[in-house]
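Data block below; observations after.
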Amino acid sequence: MVMTAMIELDAVTHTFADGSAGLGSCSLALAGGRRHALLGANGAGKTTLLQHLNGLLRPSTGQLRWRGHSYDYGRAGLSDLRSRVGLVFQNPDRQLFSALVEEDVSFGPLNLGLDDVTVRARVAGALDAVGLASFGRRPVHQLSFGQKKRVCIAGVMAMEPEVLLLDEPMAGLDASMQAELEALLDRLAARGVTIVLSTHDIDFAWRWADEIHMMAAGRCIASTPAQQLPLQLDALRAAGQRPPLALAMHAELVARDVLPAGAAPRSMDALLAMLRAQPAIELSGEIQL
Amino acid sequence: MRIDAAAYACRWQGVAPSAKALFALAGIASAWLASSAAMLGMLALLSVLATLAGARVPLRTYFAVALAPLGFLFFSCLTMLLTPAASGGWQWTPALLPAVAGIALRSLAVLAAVLGLVLTTPMPDLLRLLRRVRVPELLLDMMALCYRMVFVLRQAWEEGSTAQAARLGHSGWRQSWRSTGLLAGQMAVQVWQRASALQMAADARAWQGSLRFLPASFPYARRQAALALLAGTLMLALAAWDRVWS
C-alpha cells in the first residue's frame with residue numbers, strides 16, 4: 001500500500017552563508033496524517049530540515065514537493081504554504097512579539113485575512129486547547145517558560161495548519177507538562193493533523209511516533225514505521241542513538257525466558273504492565289552461568 | 001517595569017482606555033485653565049486621589065515613579081530662582097517665588113493627570129488609543145515591538161550580568177566597568193540575532209508586512225467614558241470658575 005507522501009525532500013542540500021553544511025543530499029518522505037519524529041543528535045540538521053519544510057530556507061540543490069508539486073517560493077506560494085504548514089520554534093522568546101497573549105495568538109489568523117469574529121473564535125479555541133483559556137489578557141512577559149511555549153503552540157494552532165512542525169517541543173518542560181503536550185499532540189493527530197517533531201530522546205520517539213526518521217550529519221539515514229525500529233538498530237547506532245530502553249529490556253527479558261517472545265512494548269510503563277501480567281516464576285534452584 | 005506592573009495590577013485595568021484618557025486630558029486642560037495656587041494644588045490632589053484611591057495604585061509605587069519627574073521639577077525651580085545680577089554674576093531672586101510656585105503647582109497638576117493615565121493603562125491599551133487617534137501604523141508597530149523587546153533584552157542583560165558576577169566580573173570598580181562594556185557589546189549581537197529570529201518567526205506565521213492585532217473589547221466603554229466626561233467637566237468647571245474669579 002503506497003501512502004501518499006504529503007511532503008517530500010529529494011536530495012536536498014543546503015549550505016549556510018558562512019560555508020558550513022546544513023543538509024547533505026537529504027531525501028525524506030513524510031506521509032500525511034501520521035506522527036513523525038526526526039531523531040538525531042545536536043547538529044544533525046533537524047532544525048535546518050524543519051525550516052526547509054515551511055519554506056524559510058531554500059535548498060542549494062535538490063527539490064521539495066508538497067503533494068507531488070514542487071515548492072513555489074514566490075510570495076503567494078510561500079504564504080499559501082505557511083498557512084498549511086505551521087512551525088513552532090524552540091525558543092519561545094524568539095517568536096513572541098506581542099504584549100498580550102491573545103494578541104500574539106491572533107497574529108497568525110489575522111495574517112490569513114480572516115474576519116474579526118472568526119479570529120476571536122480561533123484564538124479562544126487555540127488557547128483552550130493548550131490549557132490557557134483564562135490567560136488571554138495577560139502580558140506575555142509575566143508567563144513562565146512552559147506557558148510561553150504553550151502560547152507559541154496556540155499561535156500556530158490558531159492558523160489550523162494541515163502539518164504542524166515542532167522543533168524540540170519537549171526541551172525545558174517538566175514531566176507533567178511533557179505529558180500534557182504529548183496528550184495535546186495526540187488529540188491533534190486524531191483530528192488528522194500531520195505532526196513532525198524533532199527530538200534527541202529515543203525513548204519518547206519510540207513511545208509516541210508512528211514513523212521515525214533518523215538523521216546524522218545532515219542526511220536522513222533511515223526512515224521506518226515505529227514498530228519496525230527493532231530491525232533498524234544499526235541505523236540507530238549510526239545516528240548516535242542507543243536503542244530505546246524498553247526495547248532493550250524486553251529483548252533481554254525474552255532472552256532469559258522471563259517474558260514470552262512477541263511485539264516489544266513501546267514504553268517502560270507498558271513493559272512493567274507486561275511483567276506484572278506474568279504469573280510468578282518459581283526458581284528451580286539451579287544457577288546457570 | 002514598575003509602571004508596567006502597576007498598570008496591569010490596578011483596579012482600573014479593565015476600564016476602557018478612552019475613558020481614562022478623557023479624564024487625564026480634562027486634568028491637563030483644567031491645570032492649564034486654573035490660575036490660583038490653591039486651585040492648582042487641589043486639581044493635583046484630585047488626580048492623585050483618583051489614582052491612589054480609585055485605581056488602588058500602591059502609594060510606594062506612585063512615589064517611586066513620581067520621584068524622577070519631581071526631582072527634575074525641583075531642580076528646574078531652583079534654576080528659575082537664579083537670575084543674572086547687574087554686577088555680572090548670578091543672584092537669588094526671592095521675589096520670583098510666587099511665580100515659580102505657580103509654575104511648579106501647574107506642573108504637578110499636569111504630572112498627576114498624566115501619571116493617572118500611565119499607571120492605570122497597560123501599554124497595549126495605550127497603543128490602541130494612539131491607533132484610534134490615527135498615529136502612523138509604522139510608528140505604532142515599532143512601539144509595540146520595542147515594548148516587547150524591552151523585557152526580553154532586560155532579561156538577557158540580567159542573565160549576562162549574573163553570569164559575569166558568578167565569575168567575579170563585578171568584584172571591583174574596574175572589573176565592573178569592563179564587564180558592563182563587554183555586556184553592552186554583546187547586547188548588540190543579541191539584538192541583531194533576536195531581530196533575525198523574530199523575522200523568521202513572523203514569516204513562519206505568514207506575515208503580510210504589517211503587525212495587525214485584534215482590537216480588545218471593553219463592554220462598558222460608553223458608560224465609563226460618560227463618567228469620565230462628567231468628572232472631567234467638573235474639574236474644568238472648577239478651573240474655569242477659578243480663572244474667572246481670581
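By convention here, the chains of the C-alpha cells are called A, B, ... in the order presented, each chain's residues are numbered starting at 1, and ligands are numbered starting at 1 in the order presented.
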
Between chain A and chain B, at 7 Å or less, what are the per-residue closest atom pairs and their distances in Å? Count only C-alpha atoms, order by chain and rising residue number, and return it as a tab-separated table.
residue	atom	partner	partner_atom	distance
A:Ser79	CA	B:Ala206	CA	5.3
A:Arg82	CA	B:Ala206	CA	5.7
A:Ser83	CA	B:Ala206	CA	6.5
A:Gly86	CA	B:Ala204	CA	6.7
A:Leu87	CA	B:Ala204	CA	6.3
A:Arg94	CA	B:Leu198	CA	5.5
A:Gln95	CA	B:Ala201	CA	5.2
A:Phe97	CA	B:Arg148	CA	5.9
A:Ser98	CA	B:Arg148	CA	6.4
A:Ala99	CA	B:Arg148	CA	5.8
A:Glu103	CA	B:Phe213	CA	5.6
A:Ser106	CA	B:Leu214	CA	6.3
A:Phe107	CA	B:Phe213	CA	6.0
A:Gly108	CA	B:Arg205	CA	5.2
A:Leu110	CA	B:Arg212	CA	6.7
A:Asn111	CA	B:Trp207	CA	5.8
A:His141	CA	B:Phe151	CA	6.7

Which of stretch 97-232 of chain B DSSP labels alpha helix (DSSP H), written as a PyMOL selection string: chain B and resi 97-118+123-132+137-166+173-204+221-232

Residues near stretch 154-159 of chain A, cut-off 7 Å, only C-alpha atoms, skip fewer than 2 positions along chain, as a PyMOL selection string: chain A and resi 83+86-88+104-106+108-109+122-123+126-127+130+150-152+161

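The spacing separating atom CA of A:Ala270 from atom CA of A:Leu173 amounts to 22.9 Å.
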
Gap from atom CA of A:Ile195 to atom CA of A:Gly172 - Å, one decimal: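 Distance reported for this atom pair: 19.9 Å.
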
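Closest approach to B:Ala99 from the set B:Leu229, B:Leu126, B:Leu81, B:Ala21 is made by B:Leu81, with distances taken over only C-alpha atoms.
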
Every residue of stretch 42-213 of chain B that DSSP places in strand (DSSP E or B), as an mmCIF file with N, CA, C and O atoms, in the first residue's frame:
data_model
loop_
_atom_site.group_PDB
_atom_site.id
_atom_site.type_symbol
_atom_site.label_atom_id
_atom_site.label_comp_id
_atom_site.auth_asym_id
_atom_site.auth_seq_id
_atom_site.Cartn_x
_atom_site.Cartn_y
_atom_site.Cartn_z
ATOM 1 N N LEU B 82 17.288 81.595 40.021
ATOM 2 C CA LEU B 82 18.576 82.249 39.772
ATOM 3 C C LEU B 82 18.432 83.199 38.593
ATOM 4 O O LEU B 82 17.988 82.806 37.528
ATOM 5 N N THR B 83 18.763 84.423 38.809
ATOM 6 C CA THR B 83 18.710 85.367 37.687
ATOM 7 C C THR B 83 20.053 86.080 37.556
ATOM 8 O O THR B 83 20.802 86.156 38.519
ATOM 9 N N PRO B 84 20.341 86.583 36.365
ATOM 10 C CA PRO B 84 21.602 87.323 36.209
ATOM 11 C C PRO B 84 21.597 88.590 37.069
ATOM 12 O O PRO B 84 20.597 89.296 37.118
ATOM 13 N N TRP B 90 25.492 85.682 39.197
ATOM 14 C CA TRP B 90 24.135 85.163 39.389
ATOM 15 C C TRP B 90 23.662 85.542 40.775
ATOM 16 O O TRP B 90 24.436 85.655 41.692
ATOM 17 N N GLN B 91 22.338 85.706 40.933
ATOM 18 C CA GLN B 91 21.808 86.035 42.260
ATOM 19 C C GLN B 91 20.469 85.337 42.484
ATOM 20 O O GLN B 91 19.738 85.033 41.545
ATOM 21 N N TRP B 92 20.189 85.135 43.768
ATOM 22 C CA TRP B 92 18.872 84.571 44.127
ATOM 23 C C TRP B 92 17.825 85.674 44.066
ATOM 24 O O TRP B 92 18.066 86.794 44.508
#

For B:Thr61, please output as an mmCIF file with C-alpha atoms, in the first residue's frame all residues within 12 Å (counting only C-alpha atoms; exclusion window: fewer than 2 positions along the same chain).
data_model
loop_
_atom_site.group_PDB
_atom_site.id
_atom_site.type_symbol
_atom_site.label_atom_id
_atom_site.label_comp_id
_atom_site.auth_asym_id
_atom_site.auth_seq_id
_atom_site.Cartn_x
_atom_site.Cartn_y
_atom_site.Cartn_z
ATOM 1 C CA MET B 1 8.902 47.956 34.990
ATOM 2 C CA ARG B 2 7.117 49.417 37.993
ATOM 3 C CA ILE B 3 4.778 51.372 35.771
ATOM 4 C CA ASP B 4 4.053 48.297 33.695
ATOM 5 C CA ALA B 5 3.406 46.078 36.696
ATOM 6 C CA ALA B 6 1.191 48.723 38.300
ATOM 7 C CA ALA B 7 -0.824 49.186 35.116
ATOM 8 C CA ALA B 9 -2.437 45.126 38.566
ATOM 9 C CA CYS B 10 -4.568 48.216 39.226
ATOM 10 C CA THR B 51 -5.146 57.250 41.081
ATOM 11 C CA LEU B 52 -4.446 56.140 44.629
ATOM 12 C CA ARG B 56 -5.770 51.487 44.007
ATOM 13 C CA VAL B 57 -2.223 52.025 42.751
ATOM 14 C CA PRO B 58 0.121 51.387 45.699
ATOM 15 C CA LEU B 59 1.488 54.541 47.349
ATOM 16 C CA PHE B 63 6.100 57.860 44.695
ATOM 17 C CA ALA B 64 8.836 55.716 43.159
ATOM 18 C CA VAL B 65 7.552 56.553 39.702
ATOM 19 C CA ALA B 66 6.937 60.218 40.503
ATOM 20 C CA LEU B 67 10.405 60.645 42.004
ATOM 21 C CA LEU B 115 0.605 59.595 35.920
ATOM 22 C CA LEU B 119 -0.141 53.963 35.852
ATOM 23 C CA THR B 120 -3.585 52.590 35.123
#

Atomic distance atom CA of A:Ala248 - atom CA of A:Trp206, expressed in Å with one decimal: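 A separation of 11.8 Å between them.
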
Contacts of stretch 108-112 of chain B within 6 Å, only C-alpha atoms, excl. fewer than 6 positions in-chain, as an MDAnalysis selection string: chainID B and resid 28 31 43:44 47:48

Go ahead and dump the residues you just picked, C-alpha atoms, as a tab-separated table (two decimals), in the first residue's frame.
chain	number	residue	atom	x	y	z
B	28	ILE	CA	-4.35	68.64	31.88
B	31	ALA	CA	-4.41	72.68	35.01
B	43	LEU	CA	-6.55	69.80	40.97
B	44	ALA	CA	-3.27	67.97	41.51
B	47	SER	CA	-5.82	63.47	40.21
B	48	VAL	CA	-3.57	61.87	42.80

Among listed residues B:Ala53, B:Ala166, B:Val15, B:Leu236, nearest B:Asp125 (using only C-alpha atoms): B:Val15
